[in-house]
file run32.cif (mmCIF, C-alpha atoms)
data_final
#
loop_
_atom_site.label_atom_id
_atom_site.label_comp_id
_atom_site.auth_asym_id
_atom_site.auth_seq_id
_atom_site.Cartn_x
_atom_site.Cartn_y
_atom_site.Cartn_z
CA MET A 1 1.13 57.81 -64.48
CA SER A 2 -0.90 59.02 -61.51
CA ARG A 3 0.61 60.22 -58.26
CA VAL A 4 -0.96 57.32 -56.40
CA ASP A 5 0.69 54.76 -58.69
CA PHE A 6 4.01 56.59 -58.39
CA VAL A 7 3.85 56.48 -54.58
CA LEU A 8 2.59 52.89 -54.32
CA TRP A 9 4.78 51.18 -56.90
CA ILE A 10 7.96 53.28 -56.86
CA VAL A 11 8.32 55.36 -53.69
CA PHE A 12 6.88 52.86 -51.20
CA PRO A 13 8.99 49.86 -52.35
CA TYR A 14 12.22 51.85 -52.32
CA VAL A 15 11.47 53.28 -48.87
CA CYS A 16 10.75 49.80 -47.50
CA LEU A 17 13.92 48.34 -49.03
CA THR A 18 15.99 51.21 -47.62
CA VAL A 19 14.56 50.67 -44.15
CA PHE A 20 15.20 46.93 -44.56
CA VAL A 21 18.91 47.43 -45.26
CA VAL A 22 19.63 50.35 -42.91
CA GLY A 23 17.51 48.84 -40.16
CA HIS A 24 19.48 45.60 -40.17
CA ILE A 25 22.78 47.47 -39.97
CA TRP A 26 21.52 49.58 -37.09
CA ARG A 27 20.08 46.57 -35.24
CA TYR A 28 23.30 44.59 -35.59
CA ARG A 29 25.52 47.46 -34.45
CA ARG A 30 23.34 48.65 -31.56
CA ASP A 31 21.38 45.66 -30.31
CA GLN A 32 23.14 42.36 -31.00
CA TYR A 33 21.92 40.78 -27.76
CA SER A 34 18.35 40.76 -29.08
CA TRP A 35 19.40 39.26 -32.43
CA THR A 36 17.61 36.01 -31.71
CA ALA A 37 14.35 34.16 -32.29
CA ARG A 38 13.74 34.09 -28.51
CA SER A 39 13.01 30.38 -28.53
CA THR A 40 10.33 29.12 -26.14
CA GLN A 41 10.96 25.43 -26.67
CA LEU A 42 11.48 24.86 -22.95
CA PHE A 43 7.94 26.06 -22.23
CA GLU A 44 6.10 23.90 -24.79
CA ARG A 45 7.39 21.46 -27.42
CA ARG A 46 4.56 19.49 -29.02
CA LEU A 47 2.78 22.36 -30.77
CA LEU A 48 6.08 24.06 -31.54
CA LEU A 49 7.41 20.99 -33.32
CA VAL A 50 4.38 20.56 -35.58
CA GLY A 51 3.78 24.25 -36.24
CA SER A 52 7.42 25.12 -36.81
CA LEU A 53 8.00 22.26 -39.25
CA LEU A 54 4.90 23.09 -41.31
CA PHE A 55 5.61 26.82 -41.31
CA HIS A 56 9.31 26.69 -42.16
CA PHE A 57 8.98 23.92 -44.74
CA GLY A 58 6.15 25.77 -46.47
CA ILE A 59 8.08 29.04 -46.38
CA LEU A 60 11.15 27.47 -47.99
CA VAL A 61 9.10 25.95 -50.81
CA ALA A 62 7.15 29.19 -51.32
CA LEU A 63 10.39 31.18 -51.35
CA GLY A 64 11.79 28.92 -54.04
CA GLY A 65 8.65 29.44 -56.09
CA HIS A 66 8.93 33.22 -55.72
CA VAL A 67 12.56 33.15 -56.85
CA LEU A 68 11.72 31.06 -59.89
CA GLY A 69 8.54 32.91 -60.79
CA ILE A 70 9.61 36.50 -60.12
CA LEU A 71 13.38 36.71 -60.51
CA VAL A 72 13.68 34.26 -63.43
CA PRO A 73 12.18 35.68 -66.64
CA ARG A 74 9.58 33.70 -68.51
CA SER A 75 11.83 33.44 -71.57
CA TRP A 76 14.51 31.64 -69.54
CA THR A 77 12.26 28.80 -68.42
CA GLU A 78 10.90 28.39 -71.92
CA ALA A 79 14.46 28.32 -73.27
CA VAL A 80 15.31 25.29 -71.12
CA GLY A 81 12.26 23.42 -72.39
CA ILE A 82 9.60 24.19 -69.77
CA PRO A 83 6.34 25.15 -71.54
CA HIS A 84 4.44 28.05 -70.08
CA ASP A 85 1.25 26.06 -69.39
CA ALA A 86 3.18 23.32 -67.62
CA TYR A 87 5.05 25.86 -65.50
CA HIS A 88 1.82 27.70 -64.70
CA TRP A 89 -0.03 24.69 -63.32
CA LEU A 90 3.04 23.35 -61.56
CA ALA A 91 3.39 26.70 -59.81
CA VAL A 92 -0.29 26.67 -58.86
CA VAL A 93 -0.16 23.15 -57.40
CA VAL A 94 3.12 23.61 -55.53
CA GLY A 95 2.18 27.12 -54.44
CA THR A 96 -1.18 25.97 -53.09
CA ALA A 97 0.39 23.07 -51.18
CA SER A 98 3.17 25.18 -49.67
CA GLY A 99 0.70 27.96 -48.87
CA ALA A 100 -1.56 25.51 -47.05
CA ALA A 101 1.42 24.28 -45.02
CA VAL A 102 2.40 27.86 -44.13
CA ILE A 103 -1.15 28.76 -43.08
CA ALA A 104 -1.52 25.60 -40.98
CA GLY A 105 1.86 26.08 -39.30
CA PHE A 106 1.26 29.77 -38.67
CA ALA A 107 -2.16 29.05 -37.16
CA ILE A 108 -0.68 26.44 -34.82
CA LEU A 109 2.11 28.79 -33.73
CA CYS A 110 -0.36 31.62 -33.11
CA PHE A 111 -2.64 29.31 -31.12
CA ARG A 112 0.36 28.16 -29.10
CA ARG A 113 1.44 31.70 -28.30
CA VAL A 114 -2.05 32.67 -27.16
CA SER A 115 -3.06 29.50 -25.32
CA VAL A 116 0.17 28.69 -23.44
CA PRO A 117 0.58 31.25 -20.61
CA ARG A 118 4.36 30.94 -20.34
CA VAL A 119 4.79 31.39 -24.09
CA ARG A 120 2.38 34.31 -24.11
CA ALA A 121 4.40 35.99 -21.38
CA THR A 122 7.47 36.07 -23.65
CA SER A 123 5.67 38.00 -26.42
CA LEU A 124 7.21 41.30 -27.48
CA ARG A 125 5.60 44.57 -28.42
CA SER A 126 6.93 44.14 -31.94
CA ASP A 127 4.95 40.88 -32.22
CA ARG A 128 1.72 42.87 -32.15
CA LEU A 129 2.76 44.41 -35.46
CA LEU A 130 4.67 41.47 -36.91
CA TYR A 131 1.94 38.85 -36.62
CA PRO A 132 -0.83 40.85 -38.38
CA VAL A 133 1.47 41.94 -41.20
CA LEU A 134 2.83 38.42 -41.62
CA ALA A 135 -0.70 37.00 -41.61
CA ALA A 136 -1.81 39.53 -44.25
CA THR A 137 1.17 38.65 -46.43
CA ILE A 138 0.45 34.92 -46.17
CA VAL A 139 -3.29 35.25 -46.84
CA THR A 140 -2.90 37.60 -49.81
CA GLY A 141 -0.20 35.34 -51.24
CA MET A 142 -2.50 32.34 -50.98
CA LEU A 143 -5.34 34.27 -52.61
CA ALA A 144 -3.02 35.40 -55.39
CA THR A 145 -2.10 31.77 -56.09
CA VAL A 146 -5.58 30.24 -55.88
CA TRP A 147 -7.82 33.07 -57.06
CA GLY A 148 -5.48 35.13 -59.21
CA SER A 149 -3.45 32.43 -60.95
CA ALA A 150 -5.61 29.28 -60.82
CA ILE A 151 -9.13 30.67 -61.21
CA GLN A 152 -8.65 33.94 -63.09
CA GLY A 153 -5.56 32.75 -64.93
CA GLU A 154 -3.70 36.03 -64.52
CA GLU A 155 -0.15 35.98 -65.89
CA TYR A 156 1.79 37.58 -63.08
CA ARG A 157 5.05 36.83 -64.89
CA ASP A 158 4.07 39.47 -67.42
CA SER A 159 3.22 42.15 -64.85
CA VAL A 160 4.41 41.60 -61.28
CA SER A 161 7.67 39.87 -62.19
CA PRO A 162 9.09 42.50 -64.60
CA TRP A 163 7.99 45.28 -62.23
CA PHE A 164 9.82 43.65 -59.31
CA ARG A 165 12.98 43.05 -61.33
CA GLY A 166 12.83 46.62 -62.60
CA LEU A 167 13.04 47.94 -59.05
CA PHE A 168 16.47 46.38 -58.58
CA MET A 169 17.65 47.52 -62.00
CA LEU A 170 16.52 51.07 -61.13
CA GLN A 171 14.07 50.93 -64.02
CA PRO A 172 10.68 50.47 -62.34
CA HIS A 173 7.62 50.11 -64.55
CA GLU A 174 4.80 51.17 -62.27
CA ASP A 175 2.27 50.86 -65.09
CA LEU A 176 2.71 47.07 -65.05
CA MET A 177 1.84 46.81 -61.38
CA ALA A 178 -0.93 49.37 -61.67
CA GLY A 179 -2.62 47.08 -64.21
CA ALA A 180 -2.36 43.96 -62.04
CA SER A 181 -5.35 42.63 -60.14
CA LEU A 182 -6.11 43.82 -56.62
CA VAL A 183 -5.02 40.59 -54.96
CA PHE A 184 -1.52 40.80 -56.46
CA GLN A 185 -1.28 44.46 -55.53
CA ALA A 186 -2.28 43.72 -51.93
CA HIS A 187 0.26 40.92 -51.70
CA ALA A 188 3.05 43.15 -53.02
CA LEU A 189 2.23 45.98 -50.60
CA THR A 190 2.03 43.73 -47.54
CA ALA A 191 5.25 41.98 -48.55
CA PHE A 192 7.16 45.26 -48.78
CA LEU A 193 5.65 46.38 -45.48
CA LEU A 194 6.96 43.15 -43.98
CA PHE A 195 10.41 44.01 -45.33
CA ALA A 196 10.22 47.41 -43.63
CA ILE A 197 9.42 46.04 -40.16
CA TRP A 198 11.70 43.00 -40.52
CA PRO A 199 14.84 44.50 -38.87
CA PHE A 200 12.91 45.49 -35.74
CA THR A 201 11.32 42.11 -35.04
CA ARG A 202 12.39 38.56 -34.17
CA LEU A 203 12.62 37.81 -37.91
CA VAL A 204 16.27 38.88 -37.84
CA HIS A 205 17.13 35.38 -36.63
CA VAL A 206 16.73 34.25 -40.26
CA TRP A 207 20.22 35.58 -40.99
CA SER A 208 21.83 33.82 -38.02
CA VAL A 209 22.45 30.44 -39.59
CA PRO A 210 24.64 28.40 -37.19
CA VAL A 211 27.18 27.38 -39.84
CA THR A 212 30.12 27.67 -37.43
CA TYR A 213 28.60 24.99 -35.21
CA ILE A 214 29.86 22.36 -37.66
CA GLY A 215 33.51 23.00 -36.84
CA ARG A 216 32.97 24.14 -33.28
CA ALA A 217 34.89 22.34 -30.53
CA PRO A 218 32.69 20.12 -28.36
CA ILE A 219 31.74 21.23 -24.87
CA LEU A 220 32.95 18.85 -22.16
CA TYR A 221 30.71 18.17 -19.19
CA ARG A 222 32.10 16.57 -16.02
CA SER A 223 30.32 15.18 -13.01
CA ARG A 224 30.67 16.88 -9.63
CA SER A 225 32.77 14.03 -8.23
CA GLU A 226 35.17 14.22 -11.16
CA ALA A 227 35.44 17.98 -10.86
CA ARG A 228 36.03 17.65 -7.09
CA ASP A 229 38.89 15.23 -7.68
CA ARG A 230 40.56 17.69 -10.02
CA VAL A 231 40.55 20.52 -7.49
CA PRO A 232 43.81 20.53 -5.42
CA SER A 233 43.45 20.25 -1.67
CA PRO A 234 44.28 23.32 0.51
CA ARG A 235 47.28 21.48 2.02
CA ALA A 236 48.75 20.89 -1.43
#

call {"tool": "encode", "arguments": {"input": "run32.cif", "output": "structure tokens"}}
result
Amino acid sequence: MSRVDFVLWIVFPYVCLTVFVVGHIWRYRRDQYSWTARSTQLFERRLLLVGSLLFHFGILVALGGHVLGILVPRSWTEAVGIPHDAYHWLAVVVGTASGAAVIAGFAILCFRRVSVPRVRATSLRSDRLLYPVLAATIVTGMLATVWGSAIQGEEYRDSVSPWFRGLFMLQPHEDLMAGASLVFQAHALTAFLLFAIWPFTRLVHVWSVPVTYIGRAPILYRSRSEARDRVPSPRA
């Protein structure tokens, strides 16, 4: 094991995960007022609707594919009757489709933020770091699916997946990731870098799911005349 492999595939992931956890705690305790996506829907809606739907739908599908392909061992899917070849090509097709949706949605959202002056004015300093890192993660993930899995036929479930699971079991196998192709290595590094900057960007809104809105009491709006009638007169 070389020092470079030790730093890249053991030290760097653990540092990024530590920053991810500690950074969220710090952000929530010190800066809750900025815990938001900073919506700009009032400034422009048409591009936001199309781009947001494509981006978020693609992300959800891609996330499901990552959970199934990385966190679920190959032996488990084969045990439930899913052949490896069938799983491989299903993952390639679904991954390519979801990746195309993510790229299209992300491109529309970036174009919207640059081309609409009022939206551009709401950009944060952290966006200058977030958008390039997010773009690199998306592009390398798409290349890993199309070039690495579909064209080269690399079995990432025998290298990337056990390495990733080993990190959480405190038994990392850096030799597995060191032997993976460059496109998978680049995707893993950019993904962990995204985890590290996550707590300090607008991505924190992912954890603010409005579940309580379901049982929340409705807000009553009254007209001015109705409100005026309810106010007692000075003589009374």

call {"tool": "resolve_selection", "arguments": {"input": "run32.cif", "expression": "the PyMOL selection byres ((chain A and resi 206) around 12)", "output": "list in words"}}
result
His24, Trp35, Thr36, Ala37, His56, Ile59, Leu60, Trp198, Pro199, Thr201, Arg202, Leu203, Val204, His205, Trp207, Ser208, Val209 and Pro210 of chain A

call {"tool": "closest_residue", "arguments": {"input": "run32.cif", "among": "A:Ser52, A:Gln185, A:Thr18, A:Ser159", "to": "A:His173", "atoms": "all atoms listed in the file"}}
result
A:Ser159

call {"tool": "atom_distance", "arguments": {"input": "run32.cif", "atom1": "atom CA of A:Arg46", "atom2": "atom CA of A:Tyr131"}}
result
21.0 Å

call {"tool": "axis_aligned_box", "arguments": {"input": "run32.cif", "around": "stretch 138-157 of chain A", "padding_each_side": "5 Å", "output": "AutoDock Vina command-line options"}}
result
--center_x -2.0 --center_y 33.4 --center_z -56.0 --size_x 24.2 --size_y 18.3 --size_z 29.7

call {"tool": "residues_around", "arguments": {"input": "run32.cif", "residues": "A:Ile108", "least_positions_apart": "4", "cutoff": "10 Å", "atoms": "only C-alpha atoms", "output": "MDAnalysis selection string"}}
result
chainID A and resid 47:52 54:55 102:104 112:114

call {"tool": "closest_residue", "arguments": {"input": "run32.cif", "among": "A:Leu129, A:Leu134, A:Ala150, A:Val116", "to": "A:Phe200", "atoms": "all atoms listed in the file"}}
result
A:Leu129

call {"tool": "closest_residue", "arguments": {"input": "run32.cif", "among": "A:Trp163, A:Arg118, A:Arg38, A:Ala107", "to": "A:Ala178", "atoms": "all atoms listed in the file"}}
result
A:Trp163

call {"tool": "residues_near_point", "arguments": {"input": "run32.cif", "point": "(11.1, 50.8, -46.3)", "cutoff": "10 Å", "atoms": "all atoms listed in the file", "output": "list in words"}}
result
Val11, Phe12, Pro13, Tyr14, Val15, Cys16, Leu17, Thr18, Val19, Phe20, Val21, Val22, Gly23, Phe192, Leu193, Leu194, Phe195, Ala196, Ile197 and Trp198 of chain A

call {"tool": "atom_distance", "arguments": {"input": "run32.cif", "atom1": "atom CA of A:Gly141", "atom2": "atom CA of A:Leu71"}}
result
16.5 Å

call {"tool": "atom_distance", "arguments": {"input": "run32.cif", "atom1": "atom CA of A:Gly179", "atom2": "atom CA of A:Leu63"}}
result
24.2 Å

call {"tool": "residues_around", "arguments": {"input": "run32.cif", "residues": "A:Val139", "least_positions_apart": "5", "cutoff": "12 Å", "atoms": "all atoms listed in the file", "output": "JSON, numbers by chain"}}
result
{"A": [96, 99, 100, 102, 103, 104, 106, 107, 132, 133, 134, 144, 145, 146, 147, 183, 184, 186, 187, 188, 190, 191]}

call {"tool": "closest_residue", "arguments": {"input": "run32.cif", "among": "A:Ile10, A:Ala97, A:Leu182, A:Val119", "to": "A:Leu170", "atoms": "all atoms listed in the file"}}
result
A:Ile10

call {"tool": "closest_residue", "arguments": {"input": "run32.cif", "among": "A:His66, A:Val72, A:Asp127, A:Trp26", "to": "A:Pro162", "atoms": "only C-alpha atoms"}}
result
A:Val72

call {"tool": "closest_residue", "arguments": {"input": "run32.cif", "among": "A:Ser181, A:Ser161, A:Gln171, A:Ser149", "to": "A:Trp89", "atoms": "only C-alpha atoms"}}
result
A:Ser149

call {"tool": "decode", "arguments": {"input": "run32.cif", "residues": "stretch 45-91 of chain A", "atoms": "N, CA and C atoms", "output": "PDB file, in the first residue's frame"}}
result
ATOM      1  N   ARG A  45     -40.322  31.218 -12.880  1.00  0.00           N
ATOM      2  CA  ARG A  45     -40.972  29.938 -12.590  1.00  0.00           C
ATOM      3  C   ARG A  45     -40.838  28.906 -13.706  1.00  0.00           C
ATOM      4  N   ARG A  46     -40.858  29.328 -14.948  1.00  0.00           N
ATOM      5  CA  ARG A  46     -40.922  28.371 -16.054  1.00  0.00           C
ATOM      6  C   ARG A  46     -39.675  27.484 -16.099  1.00  0.00           C
ATOM      7  N   LEU A  47     -38.506  28.087 -16.125  1.00  0.00           N
ATOM      8  CA  LEU A  47     -37.272  27.311 -16.154  1.00  0.00           C
ATOM      9  C   LEU A  47     -37.076  26.531 -14.857  1.00  0.00           C
ATOM     10  N   LEU A  48     -37.470  27.134 -13.742  1.00  0.00           N
ATOM     11  CA  LEU A  48     -37.329  26.455 -12.458  1.00  0.00           C
ATOM     12  C   LEU A  48     -38.161  25.183 -12.415  1.00  0.00           C
ATOM     13  N   LEU A  49     -39.380  25.244 -12.942  1.00  0.00           N
ATOM     14  CA  LEU A  49     -40.247  24.075 -12.912  1.00  0.00           C
ATOM     15  C   LEU A  49     -39.645  22.920 -13.708  1.00  0.00           C
ATOM     16  N   VAL A  50     -39.216  23.194 -14.926  1.00  0.00           N
ATOM     17  CA  VAL A  50     -38.665  22.130 -15.779  1.00  0.00           C
ATOM     18  C   VAL A  50     -37.340  21.615 -15.213  1.00  0.00           C
ATOM     19  N   GLY A  51     -36.430  22.539 -14.903  1.00  0.00           N
ATOM     20  CA  GLY A  51     -35.116  22.130 -14.417  1.00  0.00           C
ATOM     21  C   GLY A  51     -35.168  21.413 -13.083  1.00  0.00           C
ATOM     22  N   SER A  52     -35.997  21.909 -12.169  1.00  0.00           N
ATOM     23  CA  SER A  52     -36.088  21.296 -10.845  1.00  0.00           C
ATOM     24  C   SER A  52     -36.682  19.901 -10.912  1.00  0.00           C
ATOM     25  N   LEU A  53     -37.718  19.716 -11.731  1.00  0.00           N
ATOM     26  CA  LEU A  53     -38.324  18.388 -11.859  1.00  0.00           C
ATOM     27  C   LEU A  53     -37.342  17.389 -12.442  1.00  0.00           C
ATOM     28  N   LEU A  54     -36.655  17.756 -13.516  1.00  0.00           N
ATOM     29  CA  LEU A  54     -35.677  16.849 -14.128  1.00  0.00           C
ATOM     30  C   LEU A  54     -34.547  16.529 -13.154  1.00  0.00           C
ATOM     31  N   PHE A  55     -34.028  17.553 -12.504  1.00  0.00           N
ATOM     32  CA  PHE A  55     -32.884  17.358 -11.614  1.00  0.00           C
ATOM     33  C   PHE A  55     -33.244  16.489 -10.419  1.00  0.00           C
ATOM     34  N   HIS A  56     -34.324  16.818  -9.728  1.00  0.00           N
ATOM     35  CA  HIS A  56     -34.668  16.085  -8.512  1.00  0.00           C
ATOM     36  C   HIS A  56     -35.161  14.667  -8.825  1.00  0.00           C
ATOM     37  N   PHE A  57     -35.917  14.503  -9.886  1.00  0.00           N
ATOM     38  CA  PHE A  57     -36.350  13.159 -10.255  1.00  0.00           C
ATOM     39  C   PHE A  57     -35.151  12.284 -10.616  1.00  0.00           C
ATOM     40  N   GLY A  58     -34.244  12.834 -11.407  1.00  0.00           N
ATOM     41  CA  GLY A  58     -33.049  12.068 -11.769  1.00  0.00           C
ATOM     42  C   GLY A  58     -32.185  11.734 -10.570  1.00  0.00           C
ATOM     43  N   ILE A  59     -32.063  12.688  -9.635  1.00  0.00           N
ATOM     44  CA  ILE A  59     -31.259  12.453  -8.435  1.00  0.00           C
ATOM     45  C   ILE A  59     -31.846  11.328  -7.598  1.00  0.00           C
ATOM     46  N   LEU A  60     -33.169  11.319  -7.435  1.00  0.00           N
ATOM     47  CA  LEU A  60     -33.810  10.283  -6.626  1.00  0.00           C
ATOM     48  C   LEU A  60     -33.597   8.897  -7.237  1.00  0.00           C
ATOM     49  N   VAL A  61     -33.737   8.792  -8.554  1.00  0.00           N
ATOM     50  CA  VAL A  61     -33.522   7.504  -9.213  1.00  0.00           C
ATOM     51  C   VAL A  61     -32.051   7.090  -9.108  1.00  0.00           C
ATOM     52  N   ALA A  62     -31.150   8.036  -9.337  1.00  0.00           N
ATOM     53  CA  ALA A  62     -29.722   7.728  -9.239  1.00  0.00           C
ATOM     54  C   ALA A  62     -29.330   7.333  -7.820  1.00  0.00           C
ATOM     55  N   LEU A  63     -29.927   7.999  -6.832  1.00  0.00           N
ATOM     56  CA  LEU A  63     -29.644   7.653  -5.439  1.00  0.00           C
ATOM     57  C   LEU A  63     -30.102   6.238  -5.123  1.00  0.00           C
ATOM     58  N   GLY A  64     -31.279   5.871  -5.629  1.00  0.00           N
ATOM     59  CA  GLY A  64     -31.734   4.501  -5.433  1.00  0.00           C
ATOM     60  C   GLY A  64     -30.809   3.490  -6.071  1.00  0.00           C
ATOM     61  N   GLY A  65     -30.289   3.816  -7.259  1.00  0.00           N
ATOM     62  CA  GLY A  65     -29.336   2.927  -7.902  1.00  0.00           C
ATOM     63  C   GLY A  65     -28.037   2.805  -7.136  1.00  0.00           C
ATOM     64  N   HIS A  66     -27.578   3.905  -6.529  1.00  0.00           N
ATOM     65  CA  HIS A  66     -26.358   3.847  -5.721  1.00  0.00           C
ATOM     66  C   HIS A  66     -26.562   2.992  -4.473  1.00  0.00           C
ATOM     67  N   VAL A  67     -27.720   3.133  -3.845  1.00  0.00           N
ATOM     68  CA  VAL A  67     -28.002   2.324  -2.655  1.00  0.00           C
ATOM     69  C   VAL A  67     -28.015   0.846  -3.001  1.00  0.00           C
ATOM     70  N   LEU A  68     -28.678   0.511  -4.106  1.00  0.00           N
ATOM     71  CA  LEU A  68     -28.768  -0.890  -4.498  1.00  0.00           C
ATOM     72  C   LEU A  68     -27.438  -1.440  -4.989  1.00  0.00           C
ATOM     73  N   GLY A  69     -26.689  -0.633  -5.708  1.00  0.00           N
ATOM     74  CA  GLY A  69     -25.446  -1.124  -6.295  1.00  0.00           C
ATOM     75  C   GLY A  69     -24.254  -1.094  -5.372  1.00  0.00           C
ATOM     76  N   ILE A  70     -24.244  -0.173  -4.399  1.00  0.00           N
ATOM     77  CA  ILE A  70     -23.076  -0.025  -3.533  1.00  0.00           C
ATOM     78  C   ILE A  70     -23.307  -0.624  -2.152  1.00  0.00           C
ATOM     79  N   LEU A  71     -24.448  -0.329  -1.560  1.00  0.00           N
ATOM     80  CA  LEU A  71     -24.698  -0.797  -0.195  1.00  0.00           C
ATOM     81  C   LEU A  71     -25.192  -2.238  -0.147  1.00  0.00           C
ATOM     82  N   VAL A  72     -25.858  -2.711  -1.206  1.00  0.00           N
ATOM     83  CA  VAL A  72     -26.357  -4.085  -1.237  1.00  0.00           C
ATOM     84  C   VAL A  72     -25.328  -4.974  -1.922  1.00  0.00           C
ATOM     85  N   PRO A  73     -24.794  -5.963  -1.237  1.00  0.00           N
ATOM     86  CA  PRO A  73     -23.795  -6.839  -1.849  1.00  0.00           C
ATOM     87  C   PRO A  73     -24.344  -7.601  -3.060  1.00  0.00           C
ATOM     88  N   ARG A  74     -23.429  -7.972  -3.919  1.00  0.00           N
ATOM     89  CA  ARG A  74     -23.807  -8.698  -5.131  1.00  0.00           C
ATOM     90  C   ARG A  74     -24.468 -10.028  -4.798  1.00  0.00           C
ATOM     91  N   SER A  75     -24.008 -10.679  -3.742  1.00  0.00           N
ATOM     92  CA  SER A  75     -24.557 -11.989  -3.378  1.00  0.00           C
ATOM     93  C   SER A  75     -26.018 -11.882  -2.952  1.00  0.00           C
ATOM     94  N   TRP A  76     -26.422 -10.743  -2.407  1.00  0.00           N
ATOM     95  CA  TRP A  76     -27.806 -10.584  -1.960  1.00  0.00           C
ATOM     96  C   TRP A  76     -28.768 -10.516  -3.140  1.00  0.00           C
ATOM     97  N   THR A  77     -28.424  -9.766  -4.161  1.00  0.00           N
ATOM     98  CA  THR A  77     -29.300  -9.676  -5.327  1.00  0.00           C
ATOM     99  C   THR A  77     -29.379 -10.997  -6.075  1.00  0.00           C
ATOM    100  N   GLU A  78     -28.276 -11.715  -6.117  1.00  0.00           N
ATOM    101  CA  GLU A  78     -28.301 -13.024  -6.763  1.00  0.00           C
ATOM    102  C   GLU A  78     -29.103 -14.022  -5.945  1.00  0.00           C
ATOM    103  N   ALA A  79     -29.116 -13.844  -4.617  1.00  0.00           N
ATOM    104  CA  ALA A  79     -29.867 -14.765  -3.760  1.00  0.00           C
ATOM    105  C   ALA A  79     -31.371 -14.623  -3.947  1.00  0.00           C
ATOM    106  N   VAL A  80     -31.829 -13.433  -4.333  1.00  0.00           N
ATOM    107  CA  VAL A  80     -33.270 -13.227  -4.547  1.00  0.00           C
ATOM    108  C   VAL A  80     -33.671 -13.481  -5.993  1.00  0.00           C
ATOM    109  N   GLY A  81     -32.744 -14.016  -6.781  1.00  0.00           N
ATOM    110  CA  GLY A  81     -33.083 -14.420  -8.139  1.00  0.00           C
ATOM    111  C   GLY A  81     -32.802 -13.414  -9.231  1.00  0.00           C
ATOM    112  N   ILE A  82     -31.968 -12.409  -8.962  1.00  0.00           N
ATOM    113  CA  ILE A  82     -31.613 -11.433  -9.992  1.00  0.00           C
ATOM    114  C   ILE A  82     -30.234 -11.793 -10.536  1.00  0.00           C
ATOM    115  N   PRO A  83     -30.141 -12.299 -11.761  1.00  0.00           N
ATOM    116  CA  PRO A  83     -28.827 -12.650 -12.335  1.00  0.00           C
ATOM    117  C   PRO A  83     -27.942 -11.418 -12.461  1.00  0.00           C
ATOM    118  N   HIS A  84     -26.651 -11.659 -12.423  1.00  0.00           N
ATOM    119  CA  HIS A  84     -25.715 -10.542 -12.460  1.00  0.00           C
ATOM    120  C   HIS A  84     -25.794  -9.782 -13.782  1.00  0.00           C
ATOM    121  N   ASP A  85     -25.878 -10.496 -14.902  1.00  0.00           N
ATOM    122  CA  ASP A  85     -25.939  -9.826 -16.202  1.00  0.00           C
ATOM    123  C   ASP A  85     -27.194  -8.974 -16.330  1.00  0.00           C
ATOM    124  N   ALA A  86     -28.314  -9.501 -15.853  1.00  0.00           N
ATOM    125  CA  ALA A  86     -29.561  -8.739 -15.918  1.00  0.00           C
ATOM    126  C   ALA A  86     -29.466  -7.489 -15.048  1.00  0.00           C
ATOM    127  N   TYR A  87     -28.905  -7.628 -13.849  1.00  0.00           N
ATOM    128  CA  TYR A  87     -28.748  -6.465 -12.978  1.00  0.00           C
ATOM    129  C   TYR A  87     -27.812  -5.445 -13.612  1.00  0.00           C
ATOM    130  N   HIS A  88     -26.732  -5.922 -14.221  1.00  0.00           N
ATOM    131  CA  HIS A  88     -25.737  -5.026 -14.802  1.00  0.00           C
ATOM    132  C   HIS A  88     -26.353  -4.133 -15.879  1.00  0.00           C
ATOM    133  N   TRP A  89     -27.066  -4.729 -16.813  1.00  0.00           N
ATOM    134  CA  TRP A  89     -27.622  -3.944 -17.904  1.00  0.00           C
ATOM    135  C   TRP A  89     -28.825  -3.110 -17.461  1.00  0.00           C
ATOM    136  N   LEU A  90     -29.558  -3.591 -16.481  1.00  0.00           N
ATOM    137  CA  LEU A  90     -30.633  -2.769 -15.925  1.00  0.00           C
ATOM    138  C   LEU A  90     -30.061  -1.522 -15.255  1.00  0.00           C
ATOM    139  N   ALA A  91     -28.958  -1.707 -14.535  1.00  0.00           N
ATOM    140  CA  ALA A  91     -28.312  -0.571 -13.882  1.00  0.00           C
ATOM    141  C   ALA A  91     -27.757   0.413 -14.901  1.00  0.00           C
TER     142      ALA A  91
END
